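What follows is the content of work.cif, which has mmCIF, C-alpha atoms:
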```cif
data_data
loop_
_atom_site.group_PDB
_atom_site.id
_atom_site.type_symbol
_atom_site.label_atom_id
_atom_site.label_comp_id
_atom_site.auth_asym_id
_atom_site.auth_seq_id
_atom_site.Cartn_x
_atom_site.Cartn_y
_atom_site.Cartn_z
ATOM 1 C CA MET E 1 -15.535 -12.180 -70.092
ATOM 2 C CA LEU E 2 -17.771 -13.825 -72.699
ATOM 3 C CA LYS E 3 -19.528 -15.712 -69.925
ATOM 4 C CA LEU E 4 -20.908 -12.415 -68.652
ATOM 5 C CA PHE E 5 -23.005 -12.073 -71.791
ATOM 6 C CA LEU E 6 -24.149 -15.659 -72.037
ATOM 7 C CA ILE E 7 -27.704 -16.257 -70.946
ATOM 8 C CA SER E 8 -30.031 -19.224 -71.227
ATOM 9 C CA LYS E 9 -32.922 -19.368 -73.682
ATOM 10 C CA GLU E 10 -35.408 -19.032 -70.812
ATOM 11 C CA GLU E 11 -33.612 -15.986 -69.525
ATOM 12 C CA ALA E 12 -33.650 -14.478 -73.004
ATOM 13 C CA PHE E 13 -37.408 -15.028 -73.247
ATOM 14 C CA HIS E 14 -37.893 -13.426 -69.856
ATOM 15 C CA ILE E 15 -35.864 -10.344 -70.818
ATOM 16 C CA CYS E 16 -37.756 -10.140 -74.087
ATOM 17 C CA ASP E 17 -41.095 -10.219 -72.204
ATOM 18 C CA LYS E 18 -39.904 -7.487 -69.857
ATOM 19 C CA SER E 19 -38.708 -5.413 -72.811
ATOM 20 C CA GLN E 20 -42.238 -5.366 -74.222
ATOM 21 C CA TYR E 21 -43.194 -3.329 -71.148
ATOM 22 C CA GLN E 22 -39.961 -1.282 -71.025
ATOM 23 C CA GLU E 23 -38.920 -3.063 -67.850
ATOM 24 C CA SER E 24 -35.583 -4.545 -68.922
ATOM 25 C CA THR E 25 -32.252 -2.911 -68.121
ATOM 26 C CA LEU E 26 -29.646 -1.865 -70.659
ATOM 27 C CA GLY E 27 -27.402 -4.750 -69.593
ATOM 28 C CA GLU E 28 -30.232 -7.255 -70.050
ATOM 29 C CA LYS E 29 -31.022 -5.867 -73.481
ATOM 30 C CA PHE E 30 -27.395 -6.257 -74.463
ATOM 31 C CA LYS E 31 -27.355 -9.888 -73.316
ATOM 32 C CA LEU E 32 -30.557 -10.560 -75.244
ATOM 33 C CA ARG E 33 -29.103 -9.032 -78.409
ATOM 34 C CA PHE E 34 -26.036 -11.154 -78.084
ATOM 35 C CA ARG E 35 -28.099 -14.331 -77.841
ATOM 36 C CA TYR E 36 -30.348 -13.114 -80.652
ATOM 37 C CA LEU E 37 -27.319 -13.141 -82.952
ATOM 38 C CA TRP E 38 -26.588 -16.825 -82.702
ATOM 39 C CA CYS E 39 -29.782 -18.519 -81.389
ATOM 40 C CA SER E 40 -32.557 -19.086 -83.929
ATOM 41 C CA THR E 41 -35.121 -20.062 -81.246
ATOM 42 C CA THR E 42 -34.518 -16.723 -79.521
ATOM 43 C CA ARG E 43 -34.854 -14.920 -82.840
ATOM 44 C CA VAL E 44 -38.211 -16.585 -83.523
ATOM 45 C CA TYR E 45 -39.458 -15.767 -80.025
ATOM 46 C CA VAL E 46 -38.295 -12.127 -80.110
ATOM 47 C CA ASN E 47 -39.740 -11.466 -83.560
ATOM 48 C CA ARG E 48 -43.056 -13.054 -82.665
ATOM 49 C CA ASN E 49 -43.263 -11.221 -79.348
ATOM 50 C CA CYS E 50 -42.484 -7.850 -80.923
ATOM 51 C CA LYS E 51 -45.072 -8.495 -83.627
ATOM 52 C CA LEU E 52 -47.654 -9.210 -80.911
ATOM 53 C CA THR E 53 -46.782 -5.973 -79.075
ATOM 54 C CA LYS E 54 -47.092 -3.973 -82.289
ATOM 55 C CA THR E 55 -50.462 -5.572 -83.045
ATOM 56 C CA LEU E 56 -51.752 -4.951 -79.535
ATOM 57 C CA LYS E 57 -50.703 -1.304 -79.714
ATOM 58 C CA SER E 58 -52.314 -0.738 -83.082
ATOM 59 C CA SER E 59 -55.603 -2.255 -81.896
ATOM 60 C CA ASN E 60 -56.099 0.422 -79.201
ATOM 61 C CA LEU E 61 -57.629 -2.305 -77.089
ATOM 62 C CA GLU E 62 -59.689 -1.258 -74.076
ATOM 63 C CA CYS E 63 -60.995 -3.168 -71.103
ATOM 64 C CA LEU E 64 -62.762 -2.497 -67.839
ATOM 65 C CA GLU E 65 -60.917 -1.686 -64.627
ATOM 66 C CA HIS E 66 -61.355 -4.176 -61.797
ATOM 67 C CA ASN E 67 -63.622 -1.821 -59.786
ATOM 68 C CA GLU E 68 -65.732 -0.955 -62.847
ATOM 69 C CA ARG E 69 -66.274 -4.625 -63.530
ATOM 70 C CA LYS E 70 -67.145 -5.276 -59.867
ATOM 71 C CA LEU E 71 -69.724 -2.474 -59.841
ATOM 72 C CA MET E 72 -71.284 -3.804 -63.019
ATOM 73 C CA GLU E 73 -71.391 -7.306 -61.570
ATOM 74 C CA ASP E 74 -73.038 -6.117 -58.340
ATOM 75 C CA ARG E 75 -75.721 -4.261 -60.279
ATOM 76 C CA LEU E 76 -76.374 -7.232 -62.519
ATOM 77 C CA ASN E 77 -76.603 -9.612 -59.568
ATOM 78 C CA GLU E 78 -79.041 -7.285 -57.838
ATOM 79 C CA GLN E 79 -81.188 -7.101 -60.941
ATOM 80 C CA LEU E 80 -81.020 -10.872 -61.275
ATOM 81 C CA LYS E 81 -82.126 -11.288 -57.669
ATOM 82 C CA ASN E 82 -85.076 -8.924 -58.167
ATOM 83 C CA GLN E 83 -86.127 -10.785 -61.252
ATOM 84 C CA MET E 84 -86.270 -14.168 -59.540
ATOM 85 C CA MET J 1 -82.614 -28.481 -80.311
ATOM 86 C CA SER J 2 -80.692 -25.565 -78.808
ATOM 87 C CA ASN J 3 -76.928 -25.797 -78.720
ATOM 88 C CA HIS J 4 -76.207 -22.863 -76.433
ATOM 89 C CA HIS J 5 -77.268 -22.141 -72.900
ATOM 90 C CA ILE J 6 -77.726 -18.917 -71.046
ATOM 91 C CA ASN J 7 -75.999 -18.155 -67.774
ATOM 92 C CA PRO J 8 -76.239 -14.496 -66.657
ATOM 93 C CA SER J 9 -74.101 -15.082 -63.574
ATOM 94 C CA ARG J 10 -71.053 -15.431 -65.856
ATOM 95 C CA TRP J 11 -71.810 -12.612 -68.278
ATOM 96 C CA ILE J 12 -69.492 -10.070 -66.628
ATOM 97 C CA GLU J 13 -66.614 -12.502 -66.385
ATOM 98 C CA LEU J 14 -66.970 -13.781 -69.932
ATOM 99 C CA TYR J 15 -68.240 -10.903 -72.026
ATOM 100 C CA SER J 16 -67.875 -7.527 -70.288
ATOM 101 C CA ASP J 17 -64.452 -6.703 -71.758
ATOM 102 C CA TYR J 18 -65.391 -7.897 -75.222
ATOM 103 C CA LEU J 19 -68.574 -5.807 -75.187
ATOM 104 C CA PHE J 20 -66.711 -2.849 -73.695
ATOM 105 C CA ASN J 21 -64.100 -2.878 -76.445
ATOM 106 C CA TYR J 22 -66.837 -3.182 -79.051
ATOM 107 C CA THR J 23 -68.786 -0.276 -77.576
ATOM 108 C CA ILE J 24 -65.990 2.170 -76.804
ATOM 109 C CA SER J 25 -64.756 2.039 -80.381
ATOM 110 C CA ARG J 26 -68.218 3.197 -81.416
ATOM 111 C CA VAL J 27 -69.058 5.802 -78.784
ATOM 112 C CA ASN J 28 -65.576 7.023 -77.769
ATOM 113 C CA ASP J 29 -66.549 7.638 -74.166
ATOM 114 C CA ARG J 30 -65.733 5.312 -71.300
ATOM 115 C CA GLU J 31 -68.667 6.291 -69.083
ATOM 116 C CA ILE J 32 -71.217 6.090 -71.874
ATOM 117 C CA ALA J 33 -69.809 2.734 -72.976
ATOM 118 C CA LYS J 34 -70.189 1.368 -69.429
ATOM 119 C CA ASP J 35 -73.798 2.598 -69.223
ATOM 120 C CA ILE J 36 -74.670 1.042 -72.568
ATOM 121 C CA ILE J 37 -73.187 -2.307 -71.525
ATOM 122 C CA GLN J 38 -75.010 -2.266 -68.213
ATOM 123 C CA ASP J 39 -78.244 -1.546 -70.104
ATOM 124 C CA THR J 40 -77.450 -4.390 -72.470
ATOM 125 C CA PHE J 41 -77.057 -6.841 -69.597
ATOM 126 C CA PHE J 42 -80.319 -5.643 -68.018
ATOM 127 C CA ALA J 43 -82.117 -5.968 -71.347
ATOM 128 C CA GLY J 44 -80.605 -9.431 -71.729
ATOM 129 C CA LEU J 45 -81.988 -10.437 -68.349
ATOM 130 C CA LYS J 46 -85.434 -9.176 -69.284
ATOM 131 C CA SER J 47 -85.503 -11.034 -72.568
ATOM 132 C CA MET J 48 -83.798 -14.222 -71.407
ATOM 133 C CA LYS J 49 -86.929 -16.171 -72.282
ATOM 134 C CA ASN J 50 -86.454 -15.242 -75.933
ATOM 135 C CA PHE J 51 -83.011 -16.824 -76.102
ATOM 136 C CA LYS J 52 -83.445 -19.827 -78.369
ATOM 137 C CA GLY J 53 -79.871 -21.055 -78.148
ATOM 138 C CA GLU J 54 -79.380 -20.980 -81.911
ATOM 139 C CA ALA J 55 -76.561 -18.439 -81.601
ATOM 140 C CA SER J 56 -73.955 -18.240 -78.872
ATOM 141 C CA GLU J 57 -74.682 -16.227 -75.770
ATOM 142 C CA ARG J 58 -72.090 -13.642 -76.861
ATOM 143 C CA THR J 59 -73.631 -13.221 -80.318
ATOM 144 C CA TRP J 60 -77.034 -12.802 -78.706
ATOM 145 C CA LEU J 61 -75.697 -10.141 -76.307
ATOM 146 C CA ILE J 62 -73.937 -8.351 -79.180
ATOM 147 C CA SER J 63 -77.231 -8.141 -81.075
ATOM 148 C CA ILE J 64 -78.830 -6.483 -78.033
ATOM 149 C CA LEU J 65 -75.801 -4.202 -77.665
ATOM 150 C CA LYS J 66 -76.028 -3.079 -81.294
ATOM 151 C CA ARG J 67 -79.608 -1.974 -80.735
ATOM 152 C CA LYS J 68 -78.562 -0.127 -77.561
ATOM 153 C CA ILE J 69 -75.821 1.728 -79.471
ATOM 154 C CA ILE J 70 -78.297 2.695 -82.192
ATOM 155 C CA ASP J 71 -80.734 3.902 -79.502
ATOM 156 C CA TYR J 72 -77.952 5.982 -77.963
ATOM 157 C CA TYR J 73 -77.143 7.674 -81.276
ATOM 158 C CA ARG J 74 -80.811 8.228 -82.040
ATOM 159 C CA LYS J 75 -81.185 9.928 -78.689
ATOM 160 C CA ILE J 76 -78.171 12.231 -79.028
ATOM 161 C CA ASN J 77 -78.880 12.982 -82.664
ATOM 162 C CA SER J 78 -82.402 14.081 -81.933
ATOM 163 C CA ARG J 79 -81.056 16.317 -79.126
ATOM 164 C CA LYS J 80 -78.182 17.611 -81.266
ATOM 165 C CA GLY J 81 -80.454 18.178 -84.249
ATOM 166 C CA GLN J 82 -82.828 20.300 -82.218
ATOM 167 C CA ALA J 83 -79.952 22.354 -80.828
ATOM 168 C CA GLU J 84 -78.513 22.985 -84.296
ATOM 169 C CA VAL J 85 -81.806 24.183 -85.668
ATOM 170 C CA ARG J 86 -82.259 26.534 -82.756
ATOM 171 C CA MET J 87 -78.742 27.856 -82.441
ATOM 172 C CA THR J 88 -77.051 27.814 -85.818
ATOM 173 C CA TYR J 89 -79.176 27.080 -88.813
ATOM 174 C CA ASN J 90 -81.932 29.502 -88.216
ATOM 175 C CA THR J 91 -81.769 31.529 -91.435
ATOM 176 C CA ASP J 92 -82.543 30.595 -95.020
ATOM 177 C CA GLU J 93 -79.103 31.799 -96.080
ATOM 178 C CA ASN J 94 -77.305 29.182 -94.017
ATOM 179 C CA GLU J 95 -79.396 26.299 -95.231
ATOM 180 C CA GLY J 96 -77.284 23.411 -96.472
ATOM 181 C CA ASP J 97 -74.117 24.409 -94.607
ATOM 182 C CA TRP J 98 -74.535 21.511 -92.234
ATOM 183 C CA LEU J 99 -74.014 19.078 -95.102
ATOM 184 C CA GLU J 100 -70.512 20.382 -95.849
ATOM 185 C CA GLU J 101 -69.622 20.206 -92.197
ATOM 186 C CA ARG J 102 -70.726 16.595 -92.140
ATOM 187 C CA VAL J 103 -68.554 15.786 -95.177
ATOM 188 C CA GLU J 104 -65.534 17.258 -93.442
ATOM 189 C CA ASP J 105 -66.269 15.352 -90.270
ATOM 190 C CA GLU J 106 -63.024 13.721 -89.171
ATOM 191 C CA GLY J 107 -64.919 11.045 -87.314
ATOM 192 C CA TYR J 108 -66.556 9.976 -90.542
ATOM 193 C CA LEU J 109 -63.212 9.788 -92.354
ATOM 194 C CA ASN J 110 -61.796 7.615 -89.603
ATOM 195 C CA ALA J 111 -64.702 5.181 -89.683
ATOM 196 C CA GLN J 112 -62.826 2.615 -91.759
ATOM 197 C CA GLU J 113 -59.848 2.716 -89.437
ATOM 198 C CA THR J 114 -62.122 2.344 -86.420
ATOM 199 C CA LEU J 115 -63.819 -0.653 -87.995
ATOM 200 C CA GLU J 116 -60.470 -2.331 -88.665
ATOM 201 C CA ASN J 117 -59.358 -1.672 -85.110
ATOM 202 C CA THR J 118 -62.566 -3.156 -83.760
ATOM 203 C CA GLU J 119 -62.121 -6.276 -85.867
ATOM 204 C CA LEU J 120 -58.565 -6.626 -84.653
ATOM 205 C CA GLY J 121 -59.706 -5.997 -81.080
ATOM 206 C CA ASN J 122 -62.366 -8.691 -81.442
ATOM 207 C CA ALA J 123 -59.783 -11.136 -82.796
ATOM 208 C CA ILE J 124 -57.514 -10.443 -79.815
ATOM 209 C CA TYR J 125 -60.400 -10.928 -77.391
ATOM 210 C CA ASP J 126 -61.326 -14.191 -79.133
ATOM 211 C CA CYS J 127 -57.765 -15.376 -78.530
ATOM 212 C CA MET J 128 -57.819 -14.099 -74.956
ATOM 213 C CA ASP J 129 -60.920 -16.228 -74.345
ATOM 214 C CA LYS J 130 -58.665 -19.249 -74.711
ATOM 215 C CA LEU J 131 -56.404 -18.151 -71.850
ATOM 216 C CA SER J 132 -57.059 -19.238 -68.287
ATOM 217 C CA GLU J 133 -58.907 -16.696 -66.160
ATOM 218 C CA ARG J 134 -55.738 -15.914 -64.191
ATOM 219 C CA GLN J 135 -53.655 -15.427 -67.327
ATOM 220 C CA ALA J 136 -56.290 -13.188 -68.917
ATOM 221 C CA THR J 137 -56.602 -11.039 -65.783
ATOM 222 C CA VAL J 138 -52.847 -10.521 -65.405
ATOM 223 C CA PHE J 139 -52.372 -9.931 -69.114
ATOM 224 C CA LYS J 140 -55.147 -7.343 -69.291
ATOM 225 C CA MET J 141 -53.887 -5.507 -66.213
ATOM 226 C CA LYS J 142 -50.331 -5.407 -67.506
ATOM 227 C CA THR J 143 -50.878 -4.870 -71.218
ATOM 228 C CA ILE J 144 -54.162 -3.068 -71.674
ATOM 229 C CA LEU J 145 -54.554 -1.158 -68.428
ATOM 230 C CA ASN J 146 -50.764 -0.575 -68.166
ATOM 231 C CA TYR J 147 -50.562 -1.305 -64.439
ATOM 232 C CA GLU J 148 -47.149 -1.375 -62.769
ATOM 233 C CA THR J 149 -45.806 -4.861 -61.990
ATOM 234 C CA GLU J 150 -45.823 -4.085 -58.281
ATOM 235 C CA ALA J 151 -49.442 -2.917 -58.315
ATOM 236 C CA ILE J 152 -50.591 -6.133 -60.001
ATOM 237 C CA CYS J 153 -48.586 -8.259 -57.574
ATOM 238 C CA ASN J 154 -50.154 -6.452 -54.625
ATOM 239 C CA GLU J 155 -53.663 -6.652 -55.977
ATOM 240 C CA LEU J 156 -53.510 -10.307 -56.969
ATOM 241 C CA ASN J 157 -51.165 -11.372 -54.193
ATOM 242 C CA ILE J 158 -48.564 -12.926 -56.450
ATOM 243 C CA THR J 159 -44.791 -12.535 -56.712
ATOM 244 C CA ALA J 160 -43.077 -10.708 -59.570
ATOM 245 C CA SER J 161 -41.610 -13.951 -60.892
ATOM 246 C CA ASN J 162 -45.097 -15.510 -60.853
ATOM 247 C CA LEU J 163 -46.366 -12.553 -62.813
ATOM 248 C CA TRP J 164 -43.695 -12.911 -65.481
ATOM 249 C CA VAL J 165 -44.364 -16.636 -65.842
ATOM 250 C CA ILE J 166 -48.055 -15.890 -66.341
ATOM 251 C CA ILE J 167 -47.268 -13.094 -68.816
ATOM 252 C CA HIS J 168 -44.915 -15.377 -70.739
ATOM 253 C CA ARG J 169 -47.519 -18.130 -71.054
ATOM 254 C CA ALA J 170 -50.243 -15.675 -71.989
ATOM 255 C CA ARG J 171 -48.109 -13.964 -74.636
ATOM 256 C CA THR J 172 -46.975 -17.278 -76.132
ATOM 257 C CA ALA J 173 -50.566 -18.547 -76.361
ATOM 258 C CA LEU J 174 -51.816 -15.261 -77.776
ATOM 259 C CA ALA J 175 -49.060 -15.014 -80.368
ATOM 260 C CA GLU J 176 -49.819 -18.559 -81.536
ATOM 261 C CA CYS J 177 -53.541 -17.902 -81.705
ATOM 262 C CA MET J 178 -53.135 -14.575 -83.537
ATOM 263 C CA GLU J 179 -50.740 -16.216 -85.960
ATOM 264 C CA LYS J 180 -53.360 -18.800 -86.753
ATOM 265 C CA HIS J 181 -56.475 -16.629 -86.865
ATOM 266 C CA TRP J 182 -55.390 -13.106 -87.762
ATOM 267 C CA PHE J 183 -51.985 -12.868 -89.454
ATOM 268 C CA LYS J 184 -52.679 -15.738 -91.835
ATOM 269 C CA SER J 185 -56.054 -14.426 -92.948
#
```
As structure tokens:
Amino acid sequence: MLKLFLISKEEAFHICDKSQYQESTLGEKFKLRFRYLWCSTTRVYVNRNCKLTKTLKSSNLECLEHNERKLMEDRLNEQLKNQM
Amino acid sequence: MSNHHINPSRWIELYSDYLFNYTISRVNDREIAKDIIQDTFFAGLKSMKNFKGEASERTWLISILKRKIIDYYRKINSRKGQAEVRMTYNTDENEGDWLEERVEDEGYLNAQETLENTELGNAIYDCMDKLSERQATVFKMKTILNYETEAICNELNITASNLWVIIHRARTALAECMEKHWFKS
């Protein structure tokens, strides 16, 4: 029975990463919590990862969409060509 | 002797997101921010000869961008000012009311918060600069643009497990970098 909840460190990291994007299942979260209890490496990783997520959210970071960037690049290249 | 070189063909790849984040926090409008950045790049091209290489290319572009943002506000303020005089503050009785409205301006009160967010945003982008191009692209799509895993995989032609490996490496590198340059300061 216990074996069902035992996961490797790598698996725990993977679940933790997915959790940052709300993509882990309830079962996975449970397994991660179980490992979190006894594995210090997992605890360090989870705490650090959650801190990063919190920081990223509070920064309200913005970036360009792929198509916006492409359009900008095309215009710049055209201008560059005209200048040469 | 100059330490930095100019290479406009890599401006979009290297600086567009950084400049975009810088601009949008100051103008609060995606379309306007894009126009200002495009103008900045064009102005940069025109004044390439003036680049002495004493500052980095990014610093040089930021200095042009700052002037573009000021120009933008000058332009809208002169338009807005004229409209206010015509439409609202046209009697002697109302004179001075505009000052109180300015004091209550929520945007003004949030200026400090905006500044802190921009600084944090800049620190994150500085750390993102250290990621590989692939890692940065996937990370931005997943974390900032909030794309679905499947959409990213389709667009970049990678598998879901590839995506999670990339995300893991990017997050680990970013967390380390932020720890070093932001949380400790």
Going by the chain IDs and residue numbers used in this file, which residues fall under the PyMOL selection byres ((chain E) within 8 of (chain J))? Write them as a list in words. Phe13, His14, Asp17, Lys18, Tyr21, Arg48, Asn49, Leu52, Leu56, Ser58, Ser59, Asn60, Leu61, Glu62, Cys63, Leu64, Glu65, Arg69, Met72, Glu73, Leu76, Asn77, Gln79 and Leu80 of chain E
Given the file shown, determine the residues that the PyMOL selection byres ((chain E and resi 15) around 12) selects; report them as a PyMOL selection string. (chain E and resi 7-14+16-33+35-36+42+45-46+49) or (chain J and resi 164-165+167-168)
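Evaluated on this file, the PyMOL selection byres ((chain J and resi 61) around 9) matches Tyr15, Leu19, Thr40, Phe41, Gly44, Ser56, Glu57, Arg58, Thr59, Trp60, Ile62, Ser63, Ile64, Leu65 and Lys66 of chain J.
Ranking E:His66, E:Cys39, E:Lys57, E:Phe5 by their shortest atom-to-atom distance to Ile152 in chain J, with only C-alpha atoms included, puts E:His66 first.
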Just give me the residues with any atom within 10 Å of (-79.0, -23.7, -75.2), file coordinates, counting only C-alpha atoms, written as a list in words. Met1, Ser2, Asn3, His4, His5, Ile6, Asn7, Phe51, Lys52, Gly53, Glu54, Ala55, Ser56 and Glu57 of chain J
For a test of reading the model, state the distance in Å between CA of Asn50 in chain J and CA of Tyr72 in chain J, rounded to one decimal.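 Going from CA of Asn50 in chain J over to CA of Tyr72 in chain J covers 23.0 Å.
CA of Leu131 in chain J is positioned 21.7 Å from CA of Asn154 in chain J.
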Mind giving me the straight-line distance from CA of Leu2 in chain E to CA of Ser40 in chain E in Å, one decimal? 19.3 Å
Residue among J:Lys49, J:Arg26, J:Lys184, J:Arg169 lying closest to Lys68 in chain J, counting only C-alpha atoms: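 Closest to Lys68 in chain J of all the choices is J:Arg26.
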